[in-house]
>>> print(open('work_4.cif').read())   # mmCIF, C-alpha atoms and all ligand atoms
data_model
loop_
_atom_site.label_atom_id
_atom_site.label_comp_id
_atom_site.auth_asym_id
_atom_site.auth_seq_id
_atom_site.Cartn_x
_atom_site.Cartn_y
_atom_site.Cartn_z
CA MET A 15 -7.12 -4.82 100.61
CA ALA A 16 -4.48 -5.52 97.96
CA ARG A 17 -3.43 -8.61 99.90
CA ALA A 18 -6.95 -10.09 99.85
CA LEU A 19 -7.21 -9.34 96.16
CA ILE A 20 -4.05 -11.24 95.36
CA ASP A 21 -5.04 -14.17 97.53
CA ASP A 22 -8.40 -14.33 95.78
CA CYS A 23 -7.09 -14.39 92.27
CA PHE A 24 -4.35 -16.78 93.09
CA ALA A 25 -6.61 -19.44 94.49
CA HIS A 26 -5.80 -21.49 91.36
CA HIS A 27 -2.39 -20.06 90.59
CA PRO A 28 -0.39 -19.71 93.80
CA ASP A 29 2.68 -18.68 91.81
CA ARG A 30 3.13 -16.25 89.03
CA LEU A 31 2.07 -17.60 85.66
CA THR A 32 4.66 -18.24 83.00
CA ALA A 33 4.14 -16.46 79.68
CA ALA A 34 3.14 -19.75 78.06
CA GLU A 35 0.62 -20.54 80.83
CA ALA A 36 -0.93 -17.08 80.55
CA LEU A 37 -1.22 -17.37 76.78
CA GLU A 38 -2.70 -20.87 77.05
CA LEU A 39 -5.28 -19.70 79.62
CA LEU A 40 -6.34 -16.89 77.33
CA ARG A 41 -6.37 -19.08 74.22
CA ALA A 42 -8.45 -21.78 75.84
CA ARG A 43 -11.13 -19.37 77.08
CA VAL A 44 -11.52 -16.87 74.29
CA ARG A 45 -14.38 -17.05 71.75
CA PRO A 46 -15.36 -14.57 69.04
CA VAL A 47 -17.79 -12.01 70.45
CA VAL A 48 -18.59 -10.20 67.21
CA ASP A 49 -21.32 -10.78 64.60
CA ARG A 50 -20.74 -11.40 60.93
CA GLU A 51 -21.46 -9.03 58.09
CA THR A 52 -21.13 -9.09 54.31
CA VAL A 53 -18.95 -6.41 52.75
CA THR A 54 -17.66 -5.47 49.29
CA LEU A 55 -14.13 -6.39 48.27
CA ALA A 56 -13.05 -2.76 48.77
CA GLU A 57 -14.32 -2.88 52.35
CA ALA A 58 -12.85 -6.33 53.01
CA HIS A 59 -9.19 -5.30 53.25
CA ARG A 60 -7.68 -6.05 56.68
CA ARG A 61 -10.99 -7.45 57.96
CA ILE A 62 -11.16 -10.94 59.47
CA LEU A 63 -12.73 -13.53 57.20
CA ALA A 64 -15.74 -15.25 58.81
CA ALA A 65 -16.48 -18.03 56.28
CA PRO A 66 -14.24 -20.13 54.02
CA VAL A 67 -13.78 -18.82 50.50
CA ILE A 68 -14.33 -21.72 48.12
CA SER A 69 -13.40 -21.48 44.48
CA LEU A 70 -16.45 -21.45 42.21
CA ARG A 71 -14.35 -22.16 39.12
CA ASP A 72 -10.98 -23.34 37.90
CA VAL A 73 -8.41 -20.51 37.94
CA PRO A 74 -7.27 -19.96 35.27
CA GLY A 75 -10.52 -20.97 33.62
CA PHE A 76 -8.84 -22.28 30.44
CA ASP A 77 -5.39 -23.26 29.14
CA ASN A 78 -3.69 -20.04 28.03
CA VAL A 79 -0.47 -18.61 26.70
CA ALA A 80 2.09 -17.03 29.08
CA ILE A 81 4.06 -15.00 26.52
CA ASP A 82 3.87 -12.95 23.32
CA GLY A 83 5.03 -15.25 20.49
CA PHE A 84 3.89 -18.28 18.53
CA ALA A 85 1.84 -21.32 19.55
CA PHE A 86 2.13 -24.79 18.01
CA ALA A 87 1.86 -28.51 18.81
CA HIS A 88 4.91 -30.08 20.44
CA ALA A 89 4.24 -33.33 18.61
CA GLY A 90 4.86 -31.55 15.28
CA LEU A 91 8.50 -30.65 16.12
CA ALA A 92 11.47 -32.46 14.60
CA ALA A 93 13.23 -34.90 16.94
CA THR A 94 16.53 -33.10 16.30
CA GLY A 95 17.36 -29.71 14.79
CA PRO A 96 15.12 -26.75 14.05
CA THR A 97 11.56 -27.07 12.71
CA ARG A 98 9.96 -24.82 10.13
CA LEU A 99 6.24 -24.24 10.79
CA ALA A 100 3.82 -22.51 8.41
CA LEU A 101 2.14 -19.44 9.93
CA VAL A 102 -1.64 -19.62 9.96
CA PRO A 103 -3.25 -16.24 9.19
CA GLY A 104 -4.81 -14.45 12.15
CA ARG A 105 -3.87 -14.47 15.82
CA ALA A 106 -5.14 -15.17 19.34
CA ALA A 107 -5.02 -12.40 21.96
CA ALA A 108 -6.27 -11.91 25.52
CA GLY A 109 -10.06 -11.89 25.33
CA HIS A 110 -9.96 -12.89 21.64
CA PRO A 111 -9.67 -16.66 21.16
CA PHE A 112 -8.63 -18.12 17.80
CA ALA A 113 -11.78 -19.49 16.18
CA GLY A 114 -10.22 -22.30 14.14
CA ARG A 115 -7.93 -25.24 14.81
CA LEU A 116 -4.21 -25.31 14.02
CA PRO A 117 -3.32 -27.94 11.45
CA ARG A 118 -0.34 -30.17 12.22
CA GLY A 119 2.95 -28.48 11.40
CA ALA A 120 1.52 -24.95 11.73
CA ALA A 121 1.99 -22.08 14.18
CA LEU A 122 -0.17 -19.10 15.16
CA ARG A 123 0.74 -15.62 16.38
CA VAL A 124 -0.37 -15.40 20.07
CA LEU A 125 -0.31 -12.71 22.77
CA THR A 126 -0.08 -13.13 26.56
CA GLY A 127 -3.32 -14.30 28.14
CA ALA A 128 -4.78 -15.64 24.88
CA PRO A 129 -6.54 -19.02 25.16
CA MET A 130 -4.18 -21.73 23.86
CA PRO A 131 -5.48 -22.32 20.30
CA ALA A 132 -7.05 -25.71 19.58
CA GLY A 133 -4.38 -27.94 18.06
CA ALA A 134 -1.52 -26.24 19.99
CA ASP A 135 -0.07 -27.13 23.40
CA CYS A 136 3.00 -24.90 23.77
CA ALA A 137 4.39 -21.55 22.70
CA LEU A 138 7.71 -19.77 22.28
CA MET A 139 8.59 -16.10 22.72
CA GLN A 140 8.96 -14.10 19.54
CA GLU A 141 12.62 -13.39 20.51
CA ASP A 142 13.35 -17.13 20.54
CA VAL A 143 12.10 -17.96 17.02
CA GLU A 144 13.20 -16.85 13.59
CA LEU A 145 10.66 -15.34 11.22
CA ASP A 146 11.01 -16.50 7.64
CA GLY A 147 8.32 -15.03 5.36
CA ASP A 148 5.05 -16.79 6.21
CA ALA A 149 6.78 -19.37 8.39
CA VAL A 150 8.59 -19.47 11.77
CA VAL A 151 11.67 -21.53 12.54
CA ILE A 152 11.52 -23.12 15.98
CA PRO A 153 14.90 -23.99 17.54
CA PRO A 154 15.46 -27.47 18.98
CA GLY A 155 15.00 -28.18 22.72
CA VAL A 156 11.47 -26.87 23.30
CA LYS A 157 9.96 -28.55 26.39
CA PRO A 158 6.46 -30.07 26.17
CA GLY A 159 3.92 -27.57 27.54
CA ALA A 160 6.38 -24.66 27.30
CA ASN A 161 4.75 -21.33 28.20
CA ARG A 162 1.34 -22.94 28.66
CA ARG A 163 -0.67 -22.01 31.76
CA ARG A 164 -2.99 -24.87 32.62
CA ALA A 165 -6.65 -24.46 33.50
CA GLY A 166 -6.95 -24.85 37.28
CA GLU A 167 -3.18 -24.69 37.95
CA ASP A 168 -3.76 -21.87 40.45
CA VAL A 169 -6.96 -23.13 42.14
CA ARG A 170 -9.34 -25.96 41.26
CA ALA A 171 -13.11 -25.47 41.41
CA GLY A 172 -14.40 -26.53 44.85
CA GLN A 173 -11.09 -25.98 46.64
CA VAL A 174 -10.99 -23.96 49.90
CA ALA A 175 -8.69 -21.09 48.97
CA LEU A 176 -9.02 -18.92 52.10
CA GLU A 177 -9.65 -20.20 55.61
CA PRO A 178 -11.89 -18.34 58.07
CA GLY A 179 -10.04 -16.41 60.77
CA ILE A 180 -7.39 -14.91 58.51
CA ARG A 181 -6.94 -11.17 58.28
CA LEU A 182 -7.53 -10.37 54.63
CA ARG A 183 -4.46 -9.05 52.87
CA PRO A 184 -4.62 -7.44 49.44
CA GLN A 185 -3.58 -10.68 47.75
CA ASP A 186 -6.33 -12.61 49.60
CA VAL A 187 -8.95 -10.16 48.36
CA GLY A 188 -7.51 -10.64 44.87
CA VAL A 189 -7.93 -14.43 45.12
CA ALA A 190 -11.62 -13.94 45.97
CA ALA A 191 -11.93 -11.67 42.94
CA THR A 192 -10.52 -14.40 40.65
CA PHE A 193 -13.52 -16.55 41.65
CA GLY A 194 -15.89 -13.75 40.64
CA LEU A 195 -16.88 -13.02 44.25
CA ASP A 196 -17.76 -9.38 44.81
CA ARG A 197 -18.63 -9.70 48.50
CA LEU A 198 -17.10 -11.50 51.48
CA GLU A 199 -18.41 -12.52 54.87
CA VAL A 200 -16.29 -10.94 57.59
CA PHE A 201 -16.53 -10.25 61.32
CA ARG A 202 -17.75 -6.90 62.55
CA PRO A 203 -14.81 -4.95 63.99
CA LEU A 204 -14.20 -5.40 67.71
CA GLU A 205 -15.21 -2.27 69.62
CA VAL A 206 -12.54 -1.28 72.08
CA ALA A 207 -12.45 1.49 74.69
CA LEU A 208 -8.99 2.90 75.37
CA LEU A 209 -8.02 4.70 78.58
CA SER A 210 -4.91 6.00 80.26
CA THR A 211 -4.70 6.55 83.99
CA GLY A 212 -2.52 8.84 86.05
CA ASP A 213 -2.70 12.30 87.62
CA GLU A 214 0.67 13.09 86.06
CA LEU A 215 -0.50 12.65 82.47
CA ARG A 216 -1.33 15.48 80.10
CA GLU A 217 -2.51 15.53 76.52
CA PRO A 218 0.08 16.47 73.88
CA GLY A 219 -0.65 20.07 72.95
CA GLU A 220 -1.28 21.06 76.57
CA ALA A 221 1.30 22.82 78.76
CA LEU A 222 3.08 20.71 81.40
CA ARG A 223 3.27 21.70 85.04
CA GLY A 224 5.78 20.36 87.57
CA GLY A 225 5.86 16.58 87.80
CA GLU A 226 3.68 16.08 84.73
CA THR A 227 4.39 14.13 81.58
CA TYR A 228 2.67 13.58 78.24
CA ASP A 229 0.45 10.58 77.62
CA ALA A 230 2.39 8.47 75.12
CA ASN A 231 0.58 5.17 75.61
CA ARG A 232 -2.76 6.18 74.14
CA PRO A 233 -1.38 7.30 70.77
CA ILE A 234 0.66 4.08 70.47
CA LEU A 235 -2.14 1.78 71.58
CA PHE A 236 -4.59 3.61 69.34
CA GLY A 237 -2.36 2.81 66.34
CA LEU A 238 -1.83 -0.80 67.39
CA LEU A 239 -5.56 -1.34 67.92
CA ARG A 240 -6.36 0.24 64.57
CA GLY A 241 -3.78 -2.10 63.04
CA LEU A 242 -5.81 -4.98 64.46
CA GLY A 243 -8.90 -3.61 62.73
CA CYS A 244 -10.59 -2.56 65.98
CA THR A 245 -12.98 0.37 66.23
CA VAL A 246 -11.39 2.42 68.97
CA THR A 247 -13.13 4.83 71.34
CA ASP A 248 -10.55 7.09 72.89
CA LEU A 249 -11.77 7.82 76.42
CA GLY A 250 -8.82 9.96 77.40
CA ILE A 251 -6.99 10.13 80.70
CA LEU A 252 -8.47 9.08 84.05
CA PRO A 253 -7.36 10.75 87.27
CA ASP A 254 -6.03 8.65 90.15
CA ARG A 255 -9.35 8.68 92.00
CA ALA A 256 -11.19 5.46 92.77
CA ALA A 257 -14.68 6.82 92.08
CA ALA A 258 -13.73 8.39 88.74
CA VAL A 259 -11.92 5.22 87.60
CA ALA A 260 -14.85 3.01 88.59
CA ALA A 261 -17.46 5.21 86.89
CA ALA A 262 -15.51 5.53 83.66
CA MET A 263 -14.64 1.85 83.45
CA ARG A 264 -18.19 0.75 84.20
CA GLN A 265 -19.52 2.93 81.41
CA ALA A 266 -16.78 1.90 78.98
CA ALA A 267 -17.51 -1.78 79.68
CA ALA A 268 -21.23 -1.35 79.04
CA GLN A 269 -20.62 0.05 75.57
CA HIS A 270 -17.66 -1.96 74.26
CA ASP A 271 -16.42 -5.49 73.61
CA ALA A 272 -13.15 -4.76 75.39
CA VAL A 273 -11.64 -2.13 77.66
CA ILE A 274 -7.90 -1.48 77.48
CA THR A 275 -6.20 0.61 80.13
CA SER A 276 -2.60 1.49 80.80
CA GLY A 277 -1.14 2.48 84.14
CA GLY A 278 -2.61 2.22 87.60
CA ALA A 279 -2.48 -1.56 87.63
CA SER A 280 0.06 -2.18 90.39
CA ARG A 281 -0.45 -2.36 94.12
CA GLY A 282 0.31 1.30 94.84
CA ASP A 283 -2.04 3.55 96.81
CA GLU A 284 -3.20 5.28 93.63
CA ASP A 285 -3.52 2.21 91.46
CA HIS A 286 -7.28 1.92 91.12
CA VAL A 287 -7.72 0.01 87.87
CA VAL A 288 -7.19 -3.55 89.05
CA ARG A 289 -9.07 -2.91 92.28
CA THR A 290 -12.00 -1.60 90.25
CA VAL A 291 -12.13 -4.71 88.09
CA HIS A 292 -11.83 -6.91 91.15
CA ARG A 293 -14.71 -5.06 92.83
CA LEU A 294 -17.06 -4.61 89.83
CA GLY A 295 -16.18 -7.60 87.67
CA ARG A 296 -13.86 -10.59 87.66
CA LEU A 297 -10.11 -10.41 87.70
CA HIS A 298 -8.67 -13.57 86.11
CA PHE A 299 -4.96 -13.08 86.64
CA TRP A 300 -2.44 -10.33 86.85
CA GLN A 301 1.02 -11.64 87.53
CA ILE A 302 3.04 -13.04 84.64
CA ALA A 303 6.71 -13.87 84.90
CA VAL A 304 7.89 -11.66 82.06
CA LYS A 305 10.16 -8.66 81.66
CA PRO A 306 9.18 -6.04 80.80
CA GLY A 307 5.65 -6.71 81.83
CA ARG A 308 4.41 -6.37 85.29
CA PRO A 309 1.77 -5.43 86.20
CA LEU A 310 -0.46 -6.91 83.48
CA ALA A 311 -4.06 -7.81 84.28
CA PHE A 312 -6.86 -9.71 82.51
CA GLY A 313 -10.47 -9.88 83.55
CA HIS A 314 -14.10 -9.19 82.75
CA LEU A 315 -16.18 -6.15 83.49
CA GLY A 316 -19.80 -6.90 82.68
CA ARG A 317 -19.65 -8.49 79.21
CA ALA A 318 -16.50 -6.64 78.22
CA VAL A 319 -13.06 -8.19 78.38
CA PHE A 320 -10.61 -6.12 80.41
CA VAL A 321 -6.89 -5.79 79.75
CA GLY A 322 -4.87 -3.67 82.16
CA LEU A 323 -1.47 -2.85 80.70
CA PRO A 324 1.51 -1.51 82.63
CA GLY A 325 2.04 2.25 82.66
CA ASN A 326 5.63 2.28 81.45
CA PRO A 327 5.35 2.78 77.70
CA VAL A 328 7.75 0.02 76.62
CA ALA A 329 6.15 -2.48 78.98
CA ALA A 330 2.70 -1.43 77.76
CA VAL A 331 3.68 -2.03 74.14
CA VAL A 332 5.46 -5.35 74.73
CA CYS A 333 2.56 -6.68 76.82
CA PHE A 334 0.07 -5.49 74.25
CA LEU A 335 1.92 -7.21 71.41
CA ARG A 336 2.59 -10.49 73.19
CA PHE A 337 -0.61 -10.93 75.26
CA ALA A 338 -3.35 -8.44 74.40
CA ARG A 339 -3.00 -8.75 70.63
CA PRO A 340 -3.74 -12.49 70.39
CA LEU A 341 -6.63 -12.09 72.82
CA LEU A 342 -8.20 -9.21 70.90
CA THR A 343 -7.60 -10.94 67.56
CA ALA A 344 -9.43 -14.06 68.74
CA LEU A 345 -12.28 -12.04 70.31
CA GLY A 346 -12.69 -10.44 66.91
CA GLY A 347 -13.00 -13.83 65.17
CA GLY A 348 -9.37 -14.18 64.10
CA ARG A 349 -7.22 -17.26 64.40
CA TRP A 350 -5.01 -17.22 67.50
CA PRO A 351 -1.79 -15.68 66.17
CA GLU A 352 1.41 -17.63 66.75
CA PRO A 353 4.19 -15.19 65.88
CA ARG A 354 7.09 -16.89 64.11
CA ALA A 355 10.46 -16.57 65.82
CA PHE A 356 13.60 -16.81 63.70
CA LEU A 357 16.86 -18.10 65.15
CA VAL A 358 19.53 -15.45 64.59
CA PRO A 359 23.04 -15.25 66.12
CA ALA A 360 23.29 -12.66 68.90
CA ASP A 361 25.64 -9.71 68.52
CA PHE A 362 25.52 -9.07 72.26
CA VAL A 363 26.32 -10.59 75.63
CA MET A 364 24.06 -10.54 78.64
CA LYS A 365 23.16 -12.26 81.86
CA LYS A 366 19.54 -13.07 82.62
CA LYS A 367 17.55 -13.97 85.71
CA PRO A 368 16.09 -17.46 85.42
CA ASP A 369 12.38 -18.24 85.86
CA ARG A 370 11.05 -15.42 83.77
CA ARG A 371 10.75 -14.76 80.07
CA GLU A 372 12.51 -11.67 78.81
CA TYR A 373 11.74 -9.60 75.75
CA LEU A 374 14.61 -7.50 74.43
CA ARG A 375 14.18 -4.74 71.92
CA ALA A 376 16.44 -5.65 69.06
CA ARG A 377 17.61 -4.68 65.62
CA LEU A 378 18.81 -6.85 62.74
CA ILE A 379 22.20 -6.00 61.30
CA CYS A 380 24.25 -7.29 58.40
CA GLY A 381 27.51 -8.51 59.95
CA PRO A 382 30.97 -8.22 58.35
CA ASP A 383 30.59 -11.91 57.50
CA GLY A 384 27.57 -11.05 55.31
CA ARG A 385 25.20 -12.89 57.65
CA THR A 386 22.25 -11.48 59.59
CA TRP A 387 22.90 -10.87 63.30
CA VAL A 388 20.65 -9.45 65.94
CA ARG A 389 21.77 -6.60 68.15
CA ARG A 390 20.15 -5.66 71.41
CA ILE A 391 19.20 -2.01 71.87
CA GLU A 392 21.35 -1.07 74.83
CA ARG A 393 19.15 1.66 76.34
CA GLU A 394 16.65 -0.75 77.74
CA GLY A 395 14.72 0.92 80.60
CA SER A 396 11.01 0.29 80.22
CA GLY A 397 10.35 4.03 80.04
CA ILE A 398 12.76 4.51 77.10
CA LEU A 399 10.33 4.70 74.25
CA THR A 400 12.88 5.60 71.55
CA SER A 401 14.39 2.15 72.09
CA LEU A 402 11.25 0.83 70.37
CA THR A 403 11.57 3.19 67.43
CA GLU A 404 15.11 1.91 66.86
CA ALA A 405 14.04 -1.74 67.05
CA ASP A 406 12.95 -4.12 64.27
CA GLY A 407 11.42 -6.61 66.68
CA LEU A 408 11.85 -8.45 69.95
CA VAL A 409 14.26 -11.14 71.07
CA GLU A 410 12.46 -13.65 73.26
CA LEU A 411 14.60 -15.34 75.93
CA ALA A 412 13.00 -18.41 77.46
CA GLU A 413 12.63 -18.90 81.23
CA ASP A 414 15.42 -21.48 81.54
CA ARG A 415 18.02 -19.37 79.81
CA ALA A 416 20.72 -17.93 82.08
CA GLY A 417 22.29 -15.56 79.57
CA VAL A 418 23.50 -14.98 76.04
CA GLU A 419 27.03 -15.27 74.64
CA ARG A 420 28.03 -13.58 71.40
CA GLY A 421 27.07 -15.85 68.49
CA ASP A 422 24.44 -17.82 70.43
CA PRO A 423 21.31 -18.35 68.37
CA VAL A 424 18.40 -16.40 69.90
CA GLU A 425 14.72 -16.21 68.93
CA PHE A 426 14.03 -13.01 67.04
CA VAL A 427 10.38 -12.06 66.40
CA PRO A 428 10.06 -9.27 63.82
CA PHE A 429 7.48 -6.58 64.52
CA SER A 430 5.65 -7.70 61.35
CA GLU A 431 4.94 -11.03 63.12
CA LEU A 432 3.45 -9.09 66.02
CA GLY A 433 1.02 -7.10 63.91
CA VAL A 434 2.82 -3.77 64.19
CA PRO A 435 1.64 -1.85 61.13
CA GLY A 436 4.56 -1.11 58.79
P1 LIG B 1 1.84 3.20 86.74
O1 LIG B 1 1.71 1.84 86.13
O2 LIG B 1 0.57 3.97 86.68
O3 LIG B 1 2.42 3.14 88.10
O4 LIG B 1 2.88 3.99 85.83
C1 LIG B 1 4.24 3.55 85.72
C2 LIG B 1 5.05 4.61 85.01
O5 LIG B 1 4.57 4.78 83.68
C3 LIG B 1 4.98 5.99 85.64
O6 LIG B 1 6.26 6.58 85.52
C4 LIG B 1 3.98 6.72 84.79
O7 LIG B 1 4.16 8.11 84.78
C5 LIG B 1 4.25 6.14 83.43
N1 LIG B 1 3.03 6.17 82.61
C6 LIG B 1 1.85 5.68 82.95
N2 LIG B 1 0.94 5.87 81.97
C7 LIG B 1 1.60 6.52 80.99
C8 LIG B 1 1.22 7.01 79.71
N3 LIG B 1 -0.03 6.86 79.27
N4 LIG B 1 2.14 7.63 78.94
C9 LIG B 1 3.41 7.78 79.40
N5 LIG B 1 3.82 7.33 80.58
C10 LIG B 1 2.95 6.72 81.39
MG MG B 2 -0.10 5.68 87.59
#
>>> encode(input="work_4.cif", output="structure tokens")
Amino acid sequence: MARALIDDCFAHHPDRLTAAEALELLRARVRPVVDRETVTLAEAHRRILAAPVISLRDVPGFDNVAIDGFAFAHAGLAATGPTRLALVPGRAAAGHPFAGRLPRGAALRVLTGAPMPAGADCALMQEDVELDGDAVVIPPGVKPGANRRRAGEDVRAGQVALEPGIRLRPQDVGVAATFGLDRLEVFRPLEVALLSTGDELREPGEALRGGETYDANRPILFGLLRGLGCTVTDLGILPDRAAAVAAAMRQAAAQHDAVITSGGASRGDEDHVVRTVHRLGRLHFWQIAVKPGRPLAFGHLGRAVFVGLPGNPVAAVVCFLRFARPLLTALGGGRWPEPRAFLVPADFVMKKKPDRREYLRARLICGPDGRTWVRRIEREGSGILTSLTEADGLVELAEDRAGVERGDPVEFVPFSELGVPG
């Protein structure tokens, strides 16, 4: 049975897919499956923007003063030496413009955020001038436009300030607020069902019997999915029984945009997940040349997208971050994420099998030379979950690489680039 399954799905891909091929297949096929909705700014944080945010006004809306001090016209300053300027009575403050116009050779007391008074085009901090009765003495060397914030220097009216598909960060929401927008169009959260499979798994809080172990994948994946803004339905642990797996997955698929499982995806006698998808839906591919990673499966079950992650916790997390996360992000209306990799010298030595991509758990260190180096976490079995808690990110070693020598530049991808909530 397993043989036929593999032959079927490999009609188009006789060999294992490379990581890049798998990602490209997913990227090319995925479309947003969620509707749009309008939410308040408070609700918009971490949601995916569905429409461009276009500035309705210049920001700032008027020329204004960047400091507490005195405003004046640059043209009224002496070519050399200090300039004495008469102080005009009154002041301009934030929200309180100066009503009159500064005569030539005069200065006005101004506070940060005040509109630049008519007749003035620069300002100096109070610490930088000398007060002399009802005059100020301006030192030489003031630059034209000093301490003036120009209307529109941040954003011009009509400019696209935020592109659709971004996940809204606090600063993005703030930019929308500067345009006076109180609502934003975002995508509805992706609804994801989360399942673990395995007769050996128990819930934390329960007692373990011989041969049993606690389910660690669900708590991790729950957090990662929440970090992606998904609405997660935790469907618990499935036993290793074909009928139970099929019934639960069929129901999960009917009610969700995506179904994420871990475990039970290999070719073992009790691995029912992939067989279920093959029987009830469509299995697109399930062999990718990555370590850690196999088995990792993608398919459809009814209208829901199916992702079958490996059971080993480290493999489940790495596969989620590298393959499931971009897929789920794009299904939810987000731009396909391309995590940035930074070249950092390796503080380790290793040999590597060719023809597969390897992800190493790794930590950044400050070397004795004051530079940043990356160190591999030595305990690297794919069941060793604490290796992930020690790591800052993943080192990605390309297929054609045969090994790493100390000092070789390697591609380090910080967890922040992979959407791991901080
Ligand atoms: P499987 O992919 O089901 O063959 O599982 C591979 C290994 O991962 C086995 O040692 C399982 O016990 C372990 N495993 C599977 N699922 C989980 C889980 N949710 N939490 C912790 N370990 C798991
Ligand atoms: Mg299992």
>>> residues_near_ligand(input="work_4.cif", ligand="ligand MG 2 (chain B)", cutoff="6 Å", atoms="all atoms listed in the file", output="PyMOL selection string")
chain A and resi 211-212+277-278
>>> write_last_selection(input="work_4.cif", atoms="C-alpha atoms", output="mmCIF file, in the coordinates of the input")
data_model
loop_
_atom_site.group_PDB
_atom_site.id
_atom_site.type_symbol
_atom_site.label_atom_id
_atom_site.label_comp_id
_atom_site.auth_asym_id
_atom_site.auth_seq_id
_atom_site.Cartn_x
_atom_site.Cartn_y
_atom_site.Cartn_z
ATOM 1 C CA THR A 211 -4.700 6.550 83.990
ATOM 2 C CA GLY A 212 -2.520 8.840 86.050
ATOM 3 C CA GLY A 277 -1.140 2.480 84.140
ATOM 4 C CA GLY A 278 -2.610 2.220 87.600
#
>>> residues_near_ligand(input="work_4.cif", ligand="ligand LIG 1 (chain B)", cutoff="9 Å", atoms="only C-alpha atoms and all ligand atoms", output="PyMOL selection string")
chain A and resi 209-216+226-233+251+254+275-282+284-285+308-309+323-327+329-330+396-397
>>> closest_residue(input="work_4.cif", among="A:Arg71, A:Arg317, A:Lys367, A:Arg41", to="A:Ala175", atoms="only C-alpha atoms")
A:Arg71
>>> residues_near_point(input="work_4.cif", point="(1.5, -10.9, 72.2)", cutoff="12 Å", atoms="all atoms listed in the file", output="PyMOL selection string")
chain A and resi 33-34+36-38+40-41+238+304+307+329-344+350-354+373+408+410+427+429+431-434
>>> atom_distance(input="work_4.cif", atom1="atom CA of A:Met139", atom2="atom CA of A:Thr126")
9.9 Å
>>> residues_near_point(input="work_4.cif", point="(-14.2, -0.5, 88.7)", cutoff="7 Å", atoms="only C-alpha atoms", output="list of chain:residue names")
A:Val259, A:Ala260, A:Ala261, A:Met263, A:Arg264, A:Val287, A:Arg289, A:Thr290, A:Val291, A:Arg293, A:Leu294
>>> residues_around(input="work_4.cif", residues="A:Arg170", least_positions_apart="3", cutoff="6 Å", atoms="only C-alpha atoms", output="PyMOL selection string")
chain A and resi 72+166+173
>>> atom_distance(input="work_4.cif", atom1="atom CA of A:Asp186", atom2="atom CA of A:Leu204")
21.0 Å
>>> residues_around(input="work_4.cif", residues="A:Val206", least_positions_apart="5", cutoff="6 Å", atoms="all atoms listed in the file", output="PyMOL selection string")
chain A and resi 246+270-273
>>> atom_distance(input="work_4.cif", atom1="atom CA of A:Val288", atom2="atom CA of A:Gly322")
7.3 Å
>>> closest_residue(input="work_4.cif", among="A:Val388, A:Ile398, A:Val358, A:Val319", to="A:Val44", atoms="only C-alpha atoms")
A:Val319
>>> residues_around(input="work_4.cif", residues="A:Phe299", least_positions_apart="2", cutoff="6 Å", atoms="only C-alpha atoms", output="PDB file with C-alpha atoms, in the coordinates of the input")
ATOM      1  CA  LEU A 297     -10.110 -10.410  87.700  1.00  0.00           C
ATOM      2  CA  ALA A 311      -4.060  -7.810  84.280  1.00  0.00           C
ATOM      3  CA  PHE A 312      -6.860  -9.710  82.510  1.00  0.00           C
TER       4      PHE A 312
END
>>> closest_residue(input="work_4.cif", among="A:Glu392, A:Gly421, A:Ala303, A:Gly250", to="A:Pro359", atoms="all atoms listed in the file")
A:Gly421
>>> closest_residue(input="work_4.cif", among="A:Leu91, A:Leu116, A:Ala137, A:Val67", to="A:Ala171", atoms="all atoms listed in the file")
A:Val67
>>> residues_around(input="work_4.cif", residues="A:Leu63", least_positions_apart="4", cutoff="9 Å", atoms="only C-alpha atoms", output="tab-separated table (two decimals) with C-alpha atoms, in the frame of the given file")
chain	number	residue	atom	x	y	z
A	58	ALA	CA	-12.85	-6.33	53.01
A	67	VAL	CA	-13.78	-18.82	50.50
A	176	LEU	CA	-9.02	-18.92	52.10
A	177	GLU	CA	-9.65	-20.20	55.61
A	178	PRO	CA	-11.89	-18.34	58.07
A	179	GLY	CA	-10.04	-16.41	60.77
A	180	ILE	CA	-7.39	-14.91	58.51
A	181	ARG	CA	-6.94	-11.17	58.28
A	182	LEU	CA	-7.53	-10.37	54.63
A	198	LEU	CA	-17.10	-11.50	51.48
A	199	GLU	CA	-18.41	-12.52	54.87
A	200	VAL	CA	-16.29	-10.94	57.59
A	201	PHE	CA	-16.53	-10.25	61.32
A	347	GLY	CA	-13.00	-13.83	65.17
A	348	GLY	CA	-9.37	-14.18	64.10
>>> closest_residue(input="work_4.cif", among="A:Lys365, A:Gly436, A:Arg50, A:Arg393", to="A:Arg415", atoms="only C-alpha atoms")
A:Lys365
>>> decode(input="work_4.cif", residues="stretch 217-221 of chain A", atoms="N, CA and C atoms", output="short mmCIF file (atom, residue, chain, number, x, y, z; two decimals), in the first residue's frame")
data_model
loop_
_atom_site.label_atom_id
_atom_site.label_comp_id
_atom_site.auth_asym_id
_atom_site.auth_seq_id
_atom_site.Cartn_x
_atom_site.Cartn_y
_atom_site.Cartn_z
N GLU A 217 -1.12 13.79 27.71
CA GLU A 217 -1.19 15.23 27.97
C GLU A 217 -0.34 15.56 29.20
N PRO A 218 0.39 16.67 29.18
CA PRO A 218 1.03 17.14 30.41
C PRO A 218 -0.05 17.25 31.49
N GLY A 219 0.33 16.86 32.70
CA GLY A 219 -0.66 16.86 33.80
C GLY A 219 -1.17 15.46 34.07
N GLU A 220 -1.12 14.58 33.04
CA GLU A 220 -1.53 13.19 33.25
C GLU A 220 -0.31 12.39 33.74
N ALA A 221 -0.61 11.19 34.31
CA ALA A 221 0.48 10.30 34.73
C ALA A 221 0.94 9.48 33.52
#
